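*Asks:* See run-v6.txt below, with compact mmCIF, C-alpha atoms.
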# COMPACT_ATOMS: atom_id res chain seq x y z
CA MET A 1 -16.08 -23.03 -14.44
CA THR A 2 -14.95 -21.74 -17.76
CA THR A 3 -16.98 -20.44 -20.66
CA ARG A 4 -15.08 -20.19 -23.90
CA GLY A 5 -15.13 -16.77 -25.61
CA SER A 6 -16.16 -13.31 -24.53
CA ILE A 7 -19.43 -11.54 -23.76
CA SER A 8 -20.37 -7.86 -23.68
CA ALA A 9 -19.70 -5.74 -20.61
CA GLU A 10 -23.44 -5.06 -20.31
CA GLU A 11 -24.23 -8.76 -20.23
CA ALA A 12 -21.40 -9.43 -17.80
CA VAL A 13 -22.55 -6.92 -15.20
CA SER A 14 -26.09 -8.33 -15.32
CA HIS A 15 -24.66 -10.99 -12.97
CA ILE A 16 -24.41 -8.34 -10.25
CA ARG A 17 -27.49 -8.05 -8.03
CA SER A 18 -28.52 -5.50 -5.45
CA GLY A 19 -26.93 -6.23 -2.09
CA ASP A 20 -24.00 -8.10 -3.64
CA THR A 21 -20.41 -7.89 -2.48
CA VAL A 22 -18.25 -6.93 -5.44
CA MET A 23 -14.45 -7.04 -5.52
CA VAL A 24 -12.85 -4.62 -7.94
CA GLY A 25 -9.18 -4.91 -8.91
CA GLY A 26 -6.72 -2.09 -9.39
CA PHE A 27 -4.41 0.13 -7.40
CA GLY A 28 -6.23 3.42 -7.83
CA LEU A 29 -7.11 3.36 -11.52
CA VAL A 30 -4.00 1.35 -12.46
CA GLY A 31 -5.16 -2.12 -13.42
CA ALA A 32 -8.80 -1.29 -12.70
CA PRO A 33 -11.46 -2.90 -14.96
CA LEU A 34 -12.79 0.45 -16.16
CA ALA A 35 -15.05 -0.87 -18.95
CA LEU A 36 -16.78 -3.20 -16.47
CA ILE A 37 -17.16 -0.43 -13.89
CA ASP A 38 -18.62 1.89 -16.55
CA ALA A 39 -21.03 -0.85 -17.62
CA LEU A 40 -22.05 -1.38 -14.01
CA ALA A 41 -22.64 2.36 -13.66
CA ASP A 42 -24.54 2.78 -16.94
CA HIS A 43 -26.28 -0.53 -17.63
CA SER A 44 -27.16 -2.05 -14.28
CA GLU A 45 -29.65 -1.16 -11.59
CA ALA A 46 -27.82 -3.10 -8.89
CA THR A 47 -27.52 -1.02 -5.76
CA ASP A 48 -26.79 -1.41 -2.04
CA LEU A 49 -23.40 -2.84 -3.02
CA THR A 50 -20.50 -3.74 -0.74
CA VAL A 51 -17.35 -2.86 -2.64
CA VAL A 52 -14.01 -4.51 -1.82
CA SER A 53 -11.30 -2.49 -3.52
CA ASN A 54 -8.03 -0.92 -2.41
CA ASN A 55 -9.43 2.53 -3.20
CA ILE A 56 -12.93 3.76 -4.04
CA GLY A 57 -11.73 5.13 -7.39
CA GLU A 58 -11.20 8.83 -7.91
CA PRO A 59 -13.81 11.60 -8.01
CA GLY A 60 -16.20 10.64 -10.82
CA LYS A 61 -13.82 8.00 -12.17
CA GLY A 62 -13.80 4.24 -11.79
CA LEU A 63 -15.66 3.34 -8.60
CA GLY A 64 -16.00 7.07 -7.94
CA LYS A 65 -18.75 6.97 -10.58
CA LEU A 66 -20.78 4.36 -8.65
CA LEU A 67 -20.22 6.31 -5.47
CA ARG A 68 -21.75 9.44 -7.03
CA GLN A 69 -24.75 7.36 -8.05
CA GLY A 70 -25.26 6.39 -4.41
CA ARG A 71 -25.05 2.68 -5.15
CA ILE A 72 -22.32 1.77 -2.69
CA ARG A 73 -23.52 0.90 0.81
CA ARG A 74 -20.22 -0.23 2.25
CA GLY A 75 -16.56 -0.03 1.27
CA ILE A 76 -13.78 -2.38 2.41
CA SER A 77 -10.48 -0.77 1.52
CA SER A 78 -7.01 0.24 2.69
CA PHE A 79 -7.11 3.78 1.38
CA PHE A 80 -10.41 5.66 1.04
CA THR A 81 -8.47 8.93 1.19
CA SER A 82 -7.53 8.89 -2.51
CA ASN A 83 -11.15 9.80 -3.29
CA PRO A 84 -12.21 12.80 -1.16
CA GLU A 85 -15.83 12.15 -2.17
CA ALA A 86 -15.62 8.69 -0.57
CA VAL A 87 -14.30 10.25 2.63
CA ALA A 88 -17.13 12.80 2.57
CA ALA A 89 -19.69 10.01 2.01
CA VAL A 90 -18.34 8.07 4.99
CA ASN A 91 -18.38 11.15 7.19
CA ALA A 92 -21.95 11.94 6.13
CA GLY A 93 -22.98 8.40 7.07
CA GLU A 94 -23.91 7.59 3.48
CA ILE A 95 -21.54 4.65 3.26
CA GLU A 96 -20.05 2.35 5.85
CA ALA A 97 -16.27 2.00 5.81
CA THR A 98 -14.04 -0.88 6.86
CA LEU A 99 -10.37 0.06 6.81
CA LEU A 100 -7.67 -2.62 6.67
CA PRO A 101 -3.88 -2.37 6.38
CA GLN A 102 -3.04 -3.01 2.74
CA GLY A 103 -1.15 -6.25 3.39
CA THR A 104 -3.97 -7.56 5.56
CA PHE A 105 -6.49 -6.57 2.90
CA ALA A 106 -4.51 -8.47 0.22
CA GLU A 107 -3.97 -11.53 2.43
CA ALA A 108 -7.65 -11.63 3.45
CA ILE A 109 -8.63 -11.83 -0.23
CA ARG A 110 -5.97 -14.48 -0.85
CA ALA A 111 -7.29 -16.45 2.13
CA GLY A 112 -10.85 -16.09 0.88
CA GLY A 113 -9.91 -17.51 -2.49
CA ALA A 114 -7.76 -20.27 -0.99
CA GLY A 115 -10.34 -21.65 1.43
CA ILE A 116 -8.55 -20.38 4.52
CA GLY A 117 -10.75 -19.29 7.42
CA GLY A 118 -8.50 -16.50 8.65
CA PHE A 119 -4.97 -15.76 9.79
CA PHE A 120 -2.99 -14.09 12.55
CA THR A 121 -0.83 -11.13 11.55
CA PRO A 122 1.37 -8.89 13.73
CA VAL A 123 0.29 -5.92 11.62
CA ALA A 124 -2.03 -3.46 13.41
CA ALA A 125 -1.59 -5.15 16.82
CA GLY A 126 -2.01 -2.54 19.54
CA THR A 127 -3.53 0.01 17.15
CA LEU A 128 -6.97 1.43 16.40
CA LEU A 129 -7.38 -1.04 13.53
CA ALA A 130 -7.14 -4.01 15.91
CA GLU A 131 -10.06 -2.87 18.04
CA GLY A 132 -12.66 -5.59 18.52
CA LYS A 133 -10.39 -8.25 16.97
CA GLU A 134 -8.96 -11.26 18.78
CA GLU A 135 -5.31 -10.78 19.74
CA ARG A 136 -2.91 -13.60 20.53
CA LEU A 137 0.74 -13.77 21.50
CA ILE A 138 2.65 -15.92 19.01
CA ASP A 139 6.34 -16.43 19.83
CA GLY A 140 5.94 -13.54 22.24
CA VAL A 141 4.69 -11.15 19.56
CA PRO A 142 1.11 -9.78 19.60
CA HIS A 143 -0.88 -10.88 16.55
CA VAL A 144 -4.37 -9.96 15.35
CA LEU A 145 -6.90 -12.45 13.95
CA GLU A 146 -8.21 -11.40 10.55
CA GLY A 147 -10.98 -13.16 8.64
CA PRO A 148 -11.10 -13.99 4.94
CA LEU A 149 -12.80 -11.80 2.33
CA HIS A 150 -15.20 -13.29 -0.21
CA ALA A 151 -17.37 -11.75 -2.88
CA ASP A 152 -20.39 -12.57 -4.98
CA VAL A 153 -18.70 -11.13 -8.05
CA SER A 154 -15.12 -10.05 -8.79
CA LEU A 155 -14.30 -7.60 -11.56
CA VAL A 156 -10.66 -7.84 -12.61
CA PHE A 157 -8.50 -6.47 -15.39
CA ALA A 158 -5.73 -8.19 -17.33
CA ALA A 159 -3.76 -6.77 -20.24
CA ARG A 160 -4.15 -10.04 -22.12
CA ALA A 161 -6.38 -13.10 -21.91
CA ASP A 162 -6.85 -16.13 -24.05
CA GLU A 163 -10.32 -17.29 -25.04
CA LEU A 164 -10.37 -19.84 -22.21
CA GLY A 165 -9.89 -17.08 -19.66
CA ASN A 166 -6.22 -17.55 -18.80
CA LEU A 167 -4.94 -14.14 -17.72
CA TRP A 168 -1.64 -12.32 -18.23
CA TYR A 169 -1.03 -9.11 -16.32
CA ARG A 170 1.29 -6.26 -17.19
CA HIS A 171 3.68 -4.44 -14.84
CA THR A 172 2.15 -2.91 -11.70
CA ALA A 173 -1.37 -3.29 -13.17
CA ARG A 174 -1.30 -6.79 -11.68
CA ASN A 175 -1.74 -5.71 -8.02
CA PHE A 176 -4.98 -7.14 -6.50
CA ASN A 177 -6.38 -8.61 -9.72
CA PRO A 178 -5.08 -12.20 -9.50
CA LEU A 179 -6.14 -12.38 -5.84
CA MET A 180 -9.65 -11.11 -6.46
CA ALA A 181 -10.06 -13.48 -9.40
CA THR A 182 -9.90 -16.33 -6.87
CA ALA A 183 -12.22 -15.01 -4.18
CA ALA A 184 -15.66 -14.64 -5.78
CA ARG A 185 -18.47 -16.99 -6.76
CA THR A 186 -18.42 -15.35 -10.19
CA THR A 187 -15.30 -13.76 -11.66
CA ILE A 188 -15.57 -11.45 -14.64
CA ALA A 189 -12.29 -10.58 -16.32
CA GLU A 190 -11.88 -7.58 -18.59
CA ALA A 191 -8.95 -7.96 -20.98
CA GLY A 192 -7.15 -5.41 -23.11
CA GLU A 193 -6.62 -8.09 -25.75
CA ILE A 194 -8.07 -11.58 -26.19
CA VAL A 195 -5.98 -14.16 -28.06
CA ALA A 196 -6.55 -17.77 -29.05
CA ALA A 197 -5.92 -20.52 -26.48
CA GLY A 198 -2.32 -21.59 -26.67
CA GLU A 199 -0.98 -18.15 -27.58
CA LEU A 200 -0.11 -17.18 -24.01
CA ASP A 201 3.07 -18.68 -22.60
CA PRO A 202 1.80 -21.20 -19.99
CA GLU A 203 4.73 -20.18 -17.75
CA SER A 204 3.53 -16.56 -17.64
CA ILE A 205 -0.16 -17.13 -16.94
CA ALA A 206 -0.80 -15.64 -13.49
CA THR A 207 -4.49 -16.57 -13.37
CA PRO A 208 -5.38 -20.01 -14.77
CA HIS A 209 -8.77 -20.05 -16.49
CA LEU A 210 -10.55 -22.12 -13.83
CA TYR A 211 -10.96 -18.89 -11.85
CA VAL A 212 -12.57 -16.95 -14.69
CA ASP A 213 -16.27 -17.31 -15.46
CA HIS A 214 -16.77 -14.55 -18.00
CA LEU A 215 -14.45 -12.67 -20.29
CA VAL A 216 -15.05 -9.17 -21.63
CA ALA A 217 -12.95 -7.22 -24.14
CA SER A 218 -12.00 -3.71 -22.99
CA SER A 219 -13.07 -1.78 -26.07
CA MET B 1 28.70 21.36 1.52
CA THR B 2 28.84 25.01 2.45
CA VAL B 3 25.41 26.01 1.18
CA ILE B 4 22.75 25.24 3.77
CA ALA B 5 20.08 23.17 2.06
CA ASP B 6 16.50 22.99 3.22
CA PRO B 7 15.81 20.62 6.15
CA LYS B 8 14.21 17.94 3.98
CA THR B 9 17.24 17.78 1.71
CA ILE B 10 19.58 17.55 4.71
CA ILE B 11 17.52 14.70 6.14
CA ALA B 12 17.36 12.79 2.86
CA ALA B 13 21.10 13.16 2.27
CA ARG B 14 21.90 11.80 5.74
CA ALA B 15 19.34 8.99 5.54
CA ALA B 16 20.87 7.87 2.22
CA ARG B 17 24.05 7.03 4.12
CA GLU B 18 22.11 4.55 6.28
CA LEU B 19 21.55 2.33 3.24
CA HIS B 20 24.06 -0.29 2.19
CA PRO B 21 24.84 -1.92 -1.15
CA GLY B 22 22.73 -4.98 -1.84
CA GLU B 23 19.88 -3.97 0.45
CA ILE B 24 16.20 -4.21 -0.47
CA VAL B 25 14.66 -0.85 0.43
CA ASN B 26 11.11 0.49 0.45
CA LEU B 27 10.88 4.28 0.34
CA GLY B 28 7.78 6.05 1.64
CA ILE B 29 6.21 9.22 0.34
CA GLY B 30 7.82 12.63 1.02
CA ILE B 31 11.39 12.97 2.28
CA PRO B 32 12.27 9.28 1.59
CA ASN B 33 11.56 9.89 -2.07
CA LEU B 34 14.44 12.40 -2.20
CA ILE B 35 16.92 9.70 -1.14
CA PRO B 36 17.68 8.19 -4.59
CA GLY B 37 19.23 11.55 -5.55
CA PHE B 38 21.84 11.03 -2.83
CA LEU B 39 22.77 7.43 -3.55
CA GLY B 40 26.08 7.14 -5.34
CA ALA B 41 25.92 5.82 -8.89
CA ASP B 42 27.82 2.73 -7.78
CA THR B 43 25.58 2.04 -4.75
CA GLU B 44 23.48 -0.93 -5.77
CA ILE B 45 20.26 -0.63 -3.77
CA PHE B 46 17.14 -2.50 -4.89
CA LEU B 47 13.98 -0.46 -4.43
CA HIS B 48 10.76 -2.31 -3.62
CA THR B 49 7.35 -0.71 -4.09
CA GLU B 50 4.45 -2.41 -2.34
CA ASN B 51 2.11 -2.18 -5.32
CA GLY B 52 4.16 -4.92 -6.91
CA LEU B 53 7.66 -4.19 -8.20
CA LEU B 54 11.21 -4.93 -7.07
CA GLY B 55 13.70 -2.87 -9.07
CA VAL B 56 12.19 0.62 -9.24
CA GLY B 57 14.16 2.88 -11.57
CA PRO B 58 14.27 6.66 -12.02
CA ARG B 59 11.30 8.81 -13.00
CA PRO B 60 10.46 8.33 -16.69
CA SER B 61 10.93 10.90 -19.44
CA GLU B 62 7.80 11.91 -21.39
CA ASP B 63 8.53 9.18 -23.96
CA GLU B 64 8.99 6.49 -21.32
CA LEU B 65 5.68 7.18 -19.51
CA ASP B 66 3.73 3.93 -19.05
CA PRO B 67 0.29 3.99 -17.39
CA ASP B 68 0.85 0.46 -16.05
CA LEU B 69 4.01 1.44 -14.21
CA VAL B 70 3.54 3.45 -11.01
CA ASP B 71 4.87 3.54 -7.46
CA ALA B 72 2.88 3.34 -4.23
CA ALA B 73 2.08 7.06 -4.54
CA LYS B 74 0.66 6.29 -8.01
CA ARG B 75 3.37 8.37 -9.68
CA PRO B 76 5.06 7.18 -12.90
CA ILE B 77 8.28 5.20 -12.51
CA THR B 78 10.53 3.01 -14.62
CA ALA B 79 11.69 -0.54 -13.96
CA LEU B 80 15.39 -1.39 -13.98
CA SER B 81 16.94 -4.32 -15.76
CA GLY B 82 16.57 -7.30 -13.40
CA ALA B 83 13.24 -6.03 -12.05
CA SER B 84 10.33 -8.33 -11.17
CA TYR B 85 6.58 -7.85 -10.80
CA PHE B 86 4.28 -9.59 -8.32
CA ASP B 87 0.77 -9.35 -6.91
CA SER B 88 -0.13 -7.46 -3.74
CA ALA B 89 -0.34 -10.55 -1.48
CA ALA B 90 3.17 -11.60 -2.56
CA SER B 91 4.41 -8.05 -2.09
CA PHE B 92 3.18 -7.86 1.50
CA ALA B 93 4.38 -11.39 2.21
CA MET B 94 7.83 -10.04 1.34
CA ILE B 95 7.32 -7.15 3.75
CA ARG B 96 5.80 -9.07 6.69
CA GLY B 97 8.12 -12.00 6.11
CA GLY B 98 11.18 -9.86 6.81
CA HIS B 99 12.53 -9.99 3.26
CA VAL B 100 12.60 -6.22 2.85
CA ASP B 101 15.73 -4.98 4.61
CA VAL B 102 14.80 -1.37 5.18
CA ALA B 103 11.69 0.81 5.20
CA VAL B 104 12.32 4.55 5.17
CA LEU B 105 9.26 6.58 5.96
CA GLY B 106 7.99 9.83 7.36
CA ALA B 107 6.25 10.15 10.72
CA LEU B 108 3.98 12.55 12.55
CA GLN B 109 5.30 11.42 15.93
CA VAL B 110 7.85 8.95 17.33
CA SER B 111 7.93 8.08 21.02
CA GLU B 112 10.99 7.50 23.18
CA ARG B 113 10.26 3.76 23.07
CA GLY B 114 10.12 3.66 19.27
CA ASP B 115 6.35 3.77 18.84
CA ILE B 116 5.42 5.45 15.58
CA ALA B 117 2.34 7.41 14.49
CA ASN B 118 2.22 8.25 10.82
CA TRP B 119 -1.22 7.54 9.44
CA ALA B 120 -3.88 9.51 11.25
CA ILE B 121 -4.44 12.74 13.14
CA PRO B 122 -7.11 12.73 15.87
CA GLY B 123 -10.23 14.55 14.78
CA LYS B 124 -9.34 14.13 11.11
CA ASP B 125 -10.49 11.30 8.87
CA VAL B 126 -8.91 7.94 9.69
CA LEU B 127 -9.74 6.41 6.37
CA GLY B 128 -6.42 5.73 4.73
CA VAL B 129 -3.66 3.52 6.07
CA GLY B 130 -2.27 1.91 2.92
CA GLY B 131 0.85 -0.17 3.56
CA ALA B 132 2.24 1.89 6.45
CA MET B 133 1.42 -0.61 9.23
CA ASP B 134 2.71 -3.59 7.28
CA LEU B 135 5.98 -1.82 6.47
CA VAL B 136 6.87 -0.67 9.99
CA VAL B 137 6.06 -4.08 11.45
CA GLY B 138 7.67 -6.15 8.72
CA ALA B 139 10.79 -4.39 7.47
CA ARG B 140 13.94 -5.53 9.24
CA ARG B 141 15.09 -1.94 9.82
CA VAL B 142 12.77 1.05 10.08
CA ILE B 143 14.29 4.46 9.45
CA VAL B 144 12.12 7.50 10.14
CA THR B 145 12.94 10.68 8.28
CA MET B 146 11.20 13.71 9.75
CA THR B 147 11.76 17.35 10.68
CA SER B 148 12.16 17.89 14.43
CA THR B 149 9.01 19.96 14.70
CA THR B 150 5.79 20.62 12.80
CA PRO B 151 5.51 23.90 10.84
CA SER B 152 3.74 25.34 13.91
CA GLY B 153 6.62 24.31 16.16
CA GLU B 154 5.22 21.23 17.86
CA ARG B 155 7.78 18.58 18.74
CA LYS B 156 7.58 15.18 17.08
CA LEU B 157 10.09 13.11 19.03
CA ILE B 158 8.12 12.87 22.25
CA ARG B 159 7.52 10.76 25.35
CA GLU B 160 4.22 9.20 24.27
CA CYS B 161 2.55 9.41 20.89
CA THR B 162 -0.77 11.26 21.13
CA PHE B 163 -1.83 10.42 17.57
CA PRO B 164 -3.17 6.96 16.61
CA LEU B 165 -0.27 4.49 16.47
CA THR B 166 0.98 2.81 13.34
CA ALA B 167 2.95 0.30 15.43
CA ARG B 168 4.56 -0.08 18.84
CA GLU B 169 8.33 -0.19 19.37
CA ALA B 170 9.00 -0.46 15.66
CA VAL B 171 11.50 2.31 14.89
CA ASP B 172 15.27 1.70 14.66
CA VAL B 173 16.66 5.04 13.48
CA VAL B 174 15.34 8.62 13.39
CA VAL B 175 17.02 11.17 11.13
CA THR B 176 16.05 14.83 11.59
CA GLU B 177 17.61 17.99 10.16
CA LEU B 178 19.67 18.26 13.35
CA ALA B 179 20.58 14.78 14.46
CA VAL B 180 20.57 11.02 14.12
CA PHE B 181 18.95 8.99 16.92
CA ARG B 182 19.09 5.22 17.30
CA PHE B 183 17.03 2.87 19.45
CA ARG B 184 19.30 0.55 21.40
CA GLU B 185 17.69 -2.08 23.58
CA GLY B 186 14.50 -0.06 23.61
CA SER B 187 16.14 3.21 24.62
CA LEU B 188 16.68 6.30 22.53
CA VAL B 189 20.27 7.35 21.92
CA LEU B 190 21.51 10.52 20.18
CA THR B 191 24.42 9.31 18.08
CA GLU B 192 25.19 12.14 15.70
CA LEU B 193 24.79 15.90 15.27
CA LEU B 194 24.37 17.06 11.68
CA ASP B 195 26.46 19.94 10.33
CA ASP B 196 26.77 22.58 13.03
CA ALA B 197 23.82 21.46 15.16
CA THR B 198 24.42 21.56 18.92
CA ILE B 199 23.13 19.34 21.70
CA GLU B 200 21.30 22.36 23.09
CA ALA B 201 19.54 22.91 19.77
CA VAL B 202 18.46 19.24 19.71
CA GLU B 203 17.33 19.41 23.34
CA ARG B 204 15.00 22.33 22.56
CA VAL B 205 13.07 20.38 19.94
CA THR B 206 13.08 16.94 21.58
CA GLU B 207 10.62 16.02 24.31
CA ALA B 208 11.63 12.35 24.37
CA ARG B 209 14.29 11.29 26.91
CA TYR B 210 17.52 10.09 25.39
CA THR B 211 21.15 9.46 26.21
CA VAL B 212 24.03 10.90 24.20
CA GLU B 213 26.67 8.63 22.70
CA LEU B 214 28.13 10.65 19.86
CA GLU B 215 29.96 8.57 17.32
CA ALA B 216 33.12 9.95 15.77
As structure tokens, please, write out the structure in this file.
*Replies:*
Amino acid sequence: MTTRGSISAEEAVSHIRSGDTVMVGGFGLVGAPLALIDALADHSEATDLTVVSNNIGEPGKGLGKLLRQGRIRRGISSFFTSNPEAVAAVNAGEIEATLLPQGTFAEAIRAGGAGIGGFFTPVAAGTLLAEGKEERLIDGVPHVLEGPLHADVSLVFAARADELGNLWYRHTARNFNPLMATAARTTIAEAGEIVAAGELDPESIATPHLYVDHLVASS
Amino acid sequence: MTVIADPKTIIAARAARELHPGEIVNLGIGIPNLIPGFLGADTEIFLHTENGLLGVGPRPSEDELDPDLVDAAKRPITALSGASYFDSAASFAMIRGGHVDVAVLGALQVSERGDIANWAIPGKDVLGVGGAMDLVVGARRVIVTMTSTTPSGERKLIRECTFPLTAREAVDVVVTELAVFRFREGSLVLTELLDDATIEAVERVTEARYTVELEA
């Protein structure tokens, strides 16, 4: 679905409810939807959240802010270690952690958004991260079955959007954003700049607007 | 070179010679990141970073700093002319799909069968793996750059990895400050001694079993 035009960050995060699974784009803070995360921290009561993000922010920044507020119940990530407070919270039993290899994490989100029920990957076969997962030999090589990842709400960031919600990403700030935009029931895109429909080159739109439900301007 | 450089510099300089013009190379954190300094100006290597760029250029000057342009260690980089950007699923499809020619990365331990452990130490937090597993499984050639021993003297090239594995039988080449080892048909072979290193010196710091086939 597409709604033309943008809404406030406060209004956007009101779509997030306690107990929701929330995907958050960005590689560390690069390409992270910081205005949406701040709004979620400051203007929403939603708690008991499952967060799907490559990192759990940095201490006190990005998702690190929500972590300090004790509103994250579970993290699904490839690298908790970039926020020592997230590691401490896991070790103290305050949050539950699911660790995935980064490529598996990305592909699981892609699969979730593409209606794929899972996939076999050779990555992690025979390691700690394959424990409890189905293994199968494919062409003589051990593979691990990985499921898809879905979310109730995805928060993504794009440098530029048009008013329909078509998204254009910049440099390495693209990372997980276009994947996460596909994998949630409700996708909220934060954009550095919002232009009129038709102003983005159709050839360079990485996320077509059908994935975007709400648009929020960064500032 | 007559001046003896530090071990990491020696390793990076030797590992640089394993790379060939035209290759797509992913460099890990630590010693691998010193390699670009040893690539000749006319050696055209294309650097891939898993957070979504093919065509990584040198570190930026203050004026060139761009918050949207970082490597997998989240440090500022530049992009060369001819570079391309892509999302994380595409980036790891390149890696798993065998389209990245070489991954150069550090390791905590490598076994005599080519198993590698480089992401977790028992008893410490196992909460960060990043792209390490994808890279060692997917890259066509895996080059490990590591010192022979830990700072406390423990050997790293050993019979069986005791740390959690990153992947089994994945390593092709190991470059240390003393020697170059290659895996041939699943067996470890010492193929080169660096500078004035001796076989005895290598033997003292290597627990893994290997044969010696020094190349001229």
*Asks:* For Val123 (chain A), please output as a count of residues only all residues within 7 Å (counting all atoms listed in the file; exclusion window: fewer than 4 positions along the same chain).
*Replies:* 3
*Asks:* Write down, as a count of residues only, each residue of chain A that has any atom within 6 Å of an atom of chain B, counting all atoms listed in the file.
*Replies:* 17
*Asks:* Could you name the residues that touch region 141-145 of chain A at 9 Å or less, counting only C-alpha atoms, but leaving out those on the same chain fewer than 2 positions away, as a list in words?
*Replies:*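 The residues that qualify are Gly118, Phe119, Phe120, Thr121, Pro122, Val123, Ala124, Ala125, Gly126, Ala130, Lys133, Glu134, Glu135, Arg136, Leu137, Ile138, Asp139 and Gly147 of chain A.
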*Asks:* Have a look at B:Asn118, B:Thr162, B:Ser81, B:Thr176 and name the one nearest to Gly57 (chain B); count all atoms listed in the file.
*Replies:*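 Checking each candidate against Gly57 (chain B), we get B:Ser81 as the closest.
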*Asks:* Give me, as a PyMOL selection string, all polymer residues having an atom no more than 10 Å from Arg4 (chain A), counting all atoms listed in the file and skipping those fewer than 2 positions away in the same chain.
*Replies:* chain A and resi 1-2+6-7+162-165+197+209+213-215
*Asks:* Could you please take those selected residues and save C-alpha atoms as a compact mmCIF listing (two decimals), in the coordinates of the input?
*Replies:*
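File written: selection.txt
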# COMPACT_ATOMS: atom_id res chain seq x y z
CA MET A 1 -16.08 -23.03 -14.44
CA THR A 2 -14.95 -21.74 -17.76
CA SER A 6 -16.16 -13.31 -24.53
CA ILE A 7 -19.43 -11.54 -23.76
CA ASP A 162 -6.85 -16.13 -24.05
CA GLU A 163 -10.32 -17.29 -25.04
CA LEU A 164 -10.37 -19.84 -22.21
CA GLY A 165 -9.89 -17.08 -19.66
CA ALA A 197 -5.92 -20.52 -26.48
CA HIS A 209 -8.77 -20.05 -16.49
CA ASP A 213 -16.27 -17.31 -15.46
CA HIS A 214 -16.77 -14.55 -18.00
CA LEU A 215 -14.45 -12.67 -20.29
*Asks:* For the structure just given, write the atoms of region 63-87 of chain A, namely C-alpha atoms, as an mmCIF file, in the first residue's frame.
*Replies:*
data_model
loop_
_atom_site.group_PDB
_atom_site.id
_atom_site.type_symbol
_atom_site.label_atom_id
_atom_site.label_comp_id
_atom_site.auth_asym_id
_atom_site.auth_seq_id
_atom_site.Cartn_x
_atom_site.Cartn_y
_atom_site.Cartn_z
ATOM 1 C CA LEU A 63 19.087 1.299 19.064
ATOM 2 C CA GLY A 64 21.475 1.655 22.006
ATOM 3 C CA LYS A 65 18.997 4.242 23.308
ATOM 4 C CA LEU A 66 16.097 1.744 23.321
ATOM 5 C CA LEU A 67 18.348 -0.833 24.917
ATOM 6 C CA ARG A 68 19.101 1.536 27.816
ATOM 7 C CA GLN A 69 15.367 2.040 28.267
ATOM 8 C CA GLY A 70 14.960 -1.715 28.703
ATOM 9 C CA ARG A 71 12.474 -1.976 25.846
ATOM 10 C CA ILE A 72 14.237 -4.657 23.821
ATOM 11 C CA ARG A 73 13.370 -8.229 24.775
ATOM 12 C CA ARG A 74 15.214 -9.993 21.994
ATOM 13 C CA GLY A 75 17.817 -9.086 19.388
ATOM 14 C CA ILE A 76 18.418 -10.870 16.071
ATOM 15 C CA SER A 77 21.721 -9.665 14.706
ATOM 16 C CA SER A 78 25.090 -10.602 13.219
ATOM 17 C CA PHE A 79 27.195 -8.407 15.465
ATOM 18 C CA PHE A 80 26.040 -7.502 18.985
ATOM 19 C CA THR A 81 29.662 -6.838 19.915
ATOM 20 C CA SER A 82 29.697 -3.302 18.482
ATOM 21 C CA ASN A 83 27.579 -2.227 21.461
ATOM 22 C CA PRO A 84 29.204 -3.465 24.703
ATOM 23 C CA GLU A 85 25.998 -2.579 26.566
ATOM 24 C CA ALA A 86 24.077 -5.032 24.363
ATOM 25 C CA VAL A 87 26.616 -7.744 25.173
#
